[in-house]
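**Q** Following this message is one structure expressed as structure tokens.
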Amino acid sequence: MSRESDEKMLAVFLLLVIVAIILAVIGLTVSGMTFLLAIGIIVFLADVLLLGISLGRRRGRRPLR
């Protein structure tokens, strides 16, 4: 992957983490909005999963020594 695509991936990752945190805080503080907490947790877990998949693909295979 190129440096530009790495920077874009990092920006998207950080944006999704910030959105997940905001949704979780709103879900915890506003009465009747606890479903936003669940959505925030799901967004965070999906973001971490996608980051893991992209890092796994980027690493590729290394020859055995």
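Chain labels run A, B, ... following the order of the structure tokens; each chain numbers its residues from 1, and ligands are numbered from 1 in the order shown.
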Could you pull out all residues of chain A with a DSSP call of helix (DSSP H, G or I) and give them as a PyMOL selection string?

**A** chain A and resi 3-29+34-59

**Q** Excluding region 15-31 of chain A and its own-chain neighbours fewer than 2 positions away, which residues fall within 10 Å of it when counting only C-alpha atoms? Please give them as a list in words.

**A**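 With the cut-off at 10 Å, the set is Met9, Leu10, Ala11, Val12, Phe13, Met33, Thr34, Phe35, Leu36, Leu37, Ala38, Ile39, Gly40, Ile41, Ile42, Val43, Phe44, Leu45, Ala46, Asp47 and Val48 of chain A.
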